[in-house]
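One structure below.
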Amino acid sequence: MADQFYVIGKPENRDKQAVETVTGQMVCADDAFPGQKLFAAELGSPYAHCRVLSIDYNKALALPGIEAVCDHTDAPLGWQEEKFYVGDPVCAVAATTMNTALRALELIDIEYEERPAVIDPDEAMKSGAALVGLWPEGNTSVRTTLDRGDMDAGWNQSPVQIESESGWSNTFSINPIEGGNVTAWWNGGDLYAWVSTQNPHSEHRGLAGAFQLPHNKVHVYSHGNGGGFGGGRAAAQRVPAMLAQKSGKVVSFHVDRKQQMMNGGPQFASKSNIKIGAKEDGTIMAIDFKYWGDQGMNAQAPITGTHQDCQVSFNIPNAHFEGIGVATNKKGRDYYRCVAHPGGGFAYSLAFYRLADELGMRPLDIYLKNFVTIDVDAMDDSPRPLAFCTIKEITQEAADMIGYDQKYHPMGETVTLPDGRLHGVAIHGELDCHGGMSGGRAAIVHLRGDGTGFINAGISRTGCGTNSSHCHIVAERLGVLYEDISVGSYGDTGVSADGGMQNGSTNATSTGAAFYVAASDAREQLLAQAAGMFEPAVNPEDLDAANRKIFLKSDPTKFLTHADVCAQASRIIGHATDNWGSNLTRPVRGYETGHPARQRVPRVSAAEVAVDQETGEIEVLKLVYITDPGRIFFYQGAYAQQESGADHVMAQSSYWHAIYDNTTGYFLNSSFLMHKYPGSMDLPIENYDLLLREGDSAVGPFGGTGMGEPSGGAYASVGLAVGNAIGKYIDYGPLEPWVVLKAMGKV
């Protein structure tokens, strides 16, 4: 179907910021104002829970080069006297050099009152545990409760019932290479801030509110960013703004690697208890999915999505989902690529595998029998059709690619490879709740006198290719070539419309839909101008546009070029103040255009592994990963996302593991040396078998969805394949060699 497009999905189209990225010319926040700025440094609490009684800056201020200090008494920062985790910001300084700023922190005298703290979530849940400080009456809170059908009836219809528990999944630090960077300055009463962020317009609103400024007095730029991955940046934008206001100078705040690891919004750990009732043919009739999430000190930590992929992917008529947040004295857990779904997917897949063992069935057949149909989404009982659903097809395809029929062996049946290692295979599939559509996005398209144009992107400039996807959408809609559309402004809140946050893998489609609307506005103006230029004049409805030509539908040999038309109408600006949200763009199975619908992204991973019986080391012999993002806008970007998603599957399952001292609350392995991040030599890239399928969604622009998170959330297959190899499921992560040996009873 991609052949009907001139721009979308073409492999030769390169990322709009590729040259700047690979040549190092992209300017990020920390690069701004070289030689002219002060350097900020922040001091965090040495205790997991304490109160600041006094701060004495006298010795620090006597140090030459110190220009300003700030702490909880500065209202715009929003800090409190009470500190709730190790590293919770206490004060900050600005100095002429970074070394001077760091030295000044050592000279600040602070008196603390230490208070009881709880680090371990299991301890936090016990009766009589010390209050962490997040909630006034305890350390737990029911965050999610959802019921479907009649649970009693479901159990009565289930001759086979199993219970599955999973231990705490691994928590880990979100570590974009750039980390957190902010450079801020004031010009009269106007605040300027160059910010590493995934949401420049939200930062704009936040700074305006914090400093009580009219919105037109705040100017936020997000011109260069590394990867984001969710809540991954530790920098507090208000700190350099506060220090800049006090000093009257430009202040740069750069977060070092240790600070980034400690305070960058780590991924939360979760554990579960899942009960399943099923018929003897594997039809699941009831599920009771209860889970707990370690929130740290974030009252709104996103644990509530842990059950969602189970909820939406399977046709289970009777269900109870319950999520319980657990507060601990650690940095608040935050968003990370695919958020709660990887851990939730592992938990329910583990239960499905145990059900398959009980029934003497293959896990693959449990999935295929219970996947939701395309007719109505399982998120709720409202009649919302799925925009598309290829989950059964791509699950079977992944099974064929991994050789499931030939290589699967029942749990407990040992298969030894010729070199003596144990062999295992597993598969995991689901509909991911990310990649959908959300409303309230805006966009601007500006055509120039030669027929080329710009988009003004009101989102950040991350490296995931989102803006390049938008250029594809605009070029296709206008009928020009990809090279004809460039990004005029990245993340400048003064000249761009609010494109929303880059989260939930919604930006390519939701903001993309806004750019589709803006391009349609510009196209309407373009065709109206062209209609009067034909001899004789025609109606705009008689015209179409493609491949740099505006032509008669009835006779494509009669045309004008975009350059011809724009030369006489050089002020064409298309805009959109909203998009069409999650509504059908065409009729689907009896539902009319405009009817509310759900857009889910099918993804499947299958893994084949070898496990060394002596060392516990795991080798992934083959990793099959299929994602169906609907229409692919930006081909190179989509495949980069798919490969990076496979890398994340490997990292989550086998490497990432943040370790905390449960007495002091210190993060013990806050460096790349000890908090292992796999490099190219660690990843079995040669064993990846990655595919993208195009299911053609009936919701997104040109039938596309988002895919950054759907392509990175299915690590369950690796862990379950290891369980299949050793004959014992490992219910917590990561799969470090000692964990595997312990499961085998060898340590």
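Following the order of the structure tokens, chains are lettered A, B, ..., residues in each are numbered from 1, and ligands are numbered from 1.
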
*asked:* Which of segment 536-571 of chain A end up as helix (DSSP H, G or I) when DSSP is run on this backbone - answer as a count of residues only?
replied: 10

*asked:* Using DSSP assignments from the backbone, pull out every residue in segment 390-547 of chain A that falls under strand (DSSP E or B) and give it to me as an MDAnalysis selection string.
replied: chainID A and resid 416 422:432 443:447 453:457 485:490 492 543:546

Output of the above residues as a PDB file, in the first residue's frame, restricted to C-alpha atoms:
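And here's again-v5.pdb as it stands now:
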ATOM      1  CA  THR A 416      20.663 -29.851  25.982  1.00  0.00           C
ATOM      2  CA  LEU A 422      20.456 -25.754  28.217  1.00  0.00           C
ATOM      3  CA  HIS A 423      18.029 -24.658  25.492  1.00  0.00           C
ATOM      4  CA  GLY A 424      14.845 -22.626  25.926  1.00  0.00           C
ATOM      5  CA  VAL A 425      12.315 -20.829  23.760  1.00  0.00           C
ATOM      6  CA  ALA A 426       9.417 -18.519  24.602  1.00  0.00           C
ATOM      7  CA  ILE A 427       7.016 -16.063  23.003  1.00  0.00           C
ATOM      8  CA  HIS A 428       5.084 -13.079  24.311  1.00  0.00           C
ATOM      9  CA  GLY A 429       2.548 -10.901  22.503  1.00  0.00           C
ATOM     10  CA  GLU A 430       0.178  -8.090  23.389  1.00  0.00           C
ATOM     11  CA  LEU A 431      -1.486  -4.879  22.306  1.00  0.00           C
ATOM     12  CA  ASP A 432       0.415  -1.940  23.719  1.00  0.00           C
ATOM     13  CA  ALA A 443       0.839  23.010  14.528  1.00  0.00           C
ATOM     14  CA  ILE A 444       2.068  25.628  12.025  1.00  0.00           C
ATOM     15  CA  VAL A 445       3.090  25.080   8.370  1.00  0.00           C
ATOM     16  CA  HIS A 446       4.669  27.912   6.395  1.00  0.00           C
ATOM     17  CA  LEU A 447       5.078  27.788   2.603  1.00  0.00           C
ATOM     18  CA  GLY A 453       8.223  25.179   3.328  1.00  0.00           C
ATOM     19  CA  PHE A 454       8.845  24.903   7.030  1.00  0.00           C
ATOM     20  CA  ILE A 455       7.115  23.347   9.974  1.00  0.00           C
ATOM     21  CA  ASN A 456       7.430  25.154  13.280  1.00  0.00           C
ATOM     22  CA  ALA A 457       7.693  22.280  15.733  1.00  0.00           C
ATOM     23  CA  ILE A 485       9.876  20.563   3.893  1.00  0.00           C
ATOM     24  CA  SER A 486      12.281  21.503   6.687  1.00  0.00           C
ATOM     25  CA  VAL A 487      11.943  22.256  10.375  1.00  0.00           C
ATOM     26  CA  GLY A 488      11.927  26.013  10.794  1.00  0.00           C
ATOM     27  CA  SER A 489      12.021  26.069  14.581  1.00  0.00           C
ATOM     28  CA  TYR A 490      12.579  23.311  17.079  1.00  0.00           C
ATOM     29  CA  ASP A 492      10.951  27.584  20.611  1.00  0.00           C
ATOM     30  CA  LEU A 543      -7.472  19.955  -8.510  1.00  0.00           C
ATOM     31  CA  ASP A 544      -5.129  17.545  -6.798  1.00  0.00           C
ATOM     32  CA  ALA A 545      -1.474  17.841  -5.800  1.00  0.00           C
ATOM     33  CA  ALA A 546       1.404  15.368  -5.833  1.00  0.00           C
TER      34      ALA A 546
END

*Option closest in space to Glu67 of chain A, from A:Thr97, A:Gln161, A:Thr509, A:Thr664 [counting only C-alpha atoms]*: A:Thr97

*At what distance in Å, to one decimal, does atom CA of Gln237 of chain A lie from atom CA of Glu111 of chain A?*
26.3 Å

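Atom CA of Gly179 of chain A is positioned 6.0 Å from atom CA of Gln260 of chain A.
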
*asked:* Nearest residue to Ala399 of chain A out of A:Lys558, A:Arg384, A:Arg461, A:Lys622, using only C-alpha atoms?
replied: A:Lys622

*Select, from A:Ala236, A:Ile303, A:Ala597, A:Ile284, the residue with the minimum atom-to-atom distance to Tyr367 of chain A, counting only C-alpha atoms.*
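Closest residue, counting only C-alpha atoms: A:Ile284.
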
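Distance-wise, atom CA of Thr705 of chain A and atom CA of Arg600 of chain A end up 8.3 Å apart.
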
*With distances taken over only C-alpha atoms, which of A:Phe667, A:Phe702, A:Tyr291, A:Tyr639 is nearest to Ser510 of chain A?*
A:Phe702

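By only C-alpha atoms, and with residues fewer than 6 positions from Pro159 of chain A along its chain excluded, the set lying at most 7 Å from it is Ala278, Lys279 and Glu280 of chain A.
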
With N, CA and C atoms kept, could you save the residues just selected as a compact mmCIF listing (two decimals), in the first residue's frame?
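Output contents, as saved in part_18.txt:
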# COMPACT_ATOMS: atom_id res chain seq x y z
N ALA A 278 -9.76 -20.94 34.09
CA ALA A 278 -9.87 -21.23 32.67
C ALA A 278 -10.62 -22.54 32.44
N LYS A 279 -11.13 -22.67 31.24
CA LYS A 279 -11.69 -23.95 30.79
C LYS A 279 -10.54 -24.88 30.40
N GLU A 280 -10.88 -26.14 30.20
CA GLU A 280 -9.83 -27.12 29.90
C GLU A 280 -9.24 -26.92 28.52

*When distances are computed from only C-alpha atoms, which of A:Asn315, A:Ser247, A:Asn170, A:Gln198 shows the smallest separation from Ser654 of chain A?*
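That would be A:Asn170, the residue with the smallest distance to Ser654 of chain A.
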
*asked:* I want to know what sits within 9 Å of Pro684 of chain A, based on only C-alpha atoms, with residues of the same chain fewer than 4 positions away left out; could you give that as a PyMOL selection string?
replied: chain A and resi 619-623+647+650+680+688

*Can you list, as a PyMOL selection string, every protein, DNA or RNA residue that comes within 7 Å of Pro11 of chain A when you count only C-alpha atoms, leaving out same-chain residues fewer than 2 positions away?*
chain A and resi 9+13+635-636

*Which of these residues is nearest to Ile550 of chain A, using only C-alpha atoms: A:Gly723, A:Pro629, A:Gly451, A:Gly637?*
A:Gly451

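The residue set within 8 Å of Gly630 of chain A, counting only C-alpha atoms and dropping same-chain residues fewer than 6 places from it, reads Val601, Arg693, Glu694, Gly695, Asp696, Ser697, Gly703, Gly704 and Thr705 of chain A.
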
Output of the above residues as a PDB file, in the first residue's frame, restricted to C-alpha atoms:
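This went into result-v2.pdb:
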ATOM      1  CA  VAL A 601      -0.139  -1.151  18.747  1.00  0.00           C
ATOM      2  CA  ARG A 693       4.310  -4.677   9.757  1.00  0.00           C
ATOM      3  CA  GLU A 694       1.823  -2.111   8.467  1.00  0.00           C
ATOM      4  CA  GLY A 695      -1.707  -2.767   9.684  1.00  0.00           C
ATOM      5  CA  ASP A 696      -3.135   0.563   8.495  1.00  0.00           C
ATOM      6  CA  SER A 697      -4.903   2.150  11.452  1.00  0.00           C
ATOM      7  CA  GLY A 703      -3.151   5.200   9.035  1.00  0.00           C
ATOM      8  CA  GLY A 704      -0.096   5.469  11.283  1.00  0.00           C
ATOM      9  CA  THR A 705       0.488   5.067  15.013  1.00  0.00           C
TER      10      THR A 705
END

_All residues 7 Å or closer to segment 32-43 of chain A, only C-alpha atoms, same chain fewer than 2 positions away omitted, as a PyMOL selection string_ = chain A and resi 28-30+45+89-98+101-102+105+240+249-253
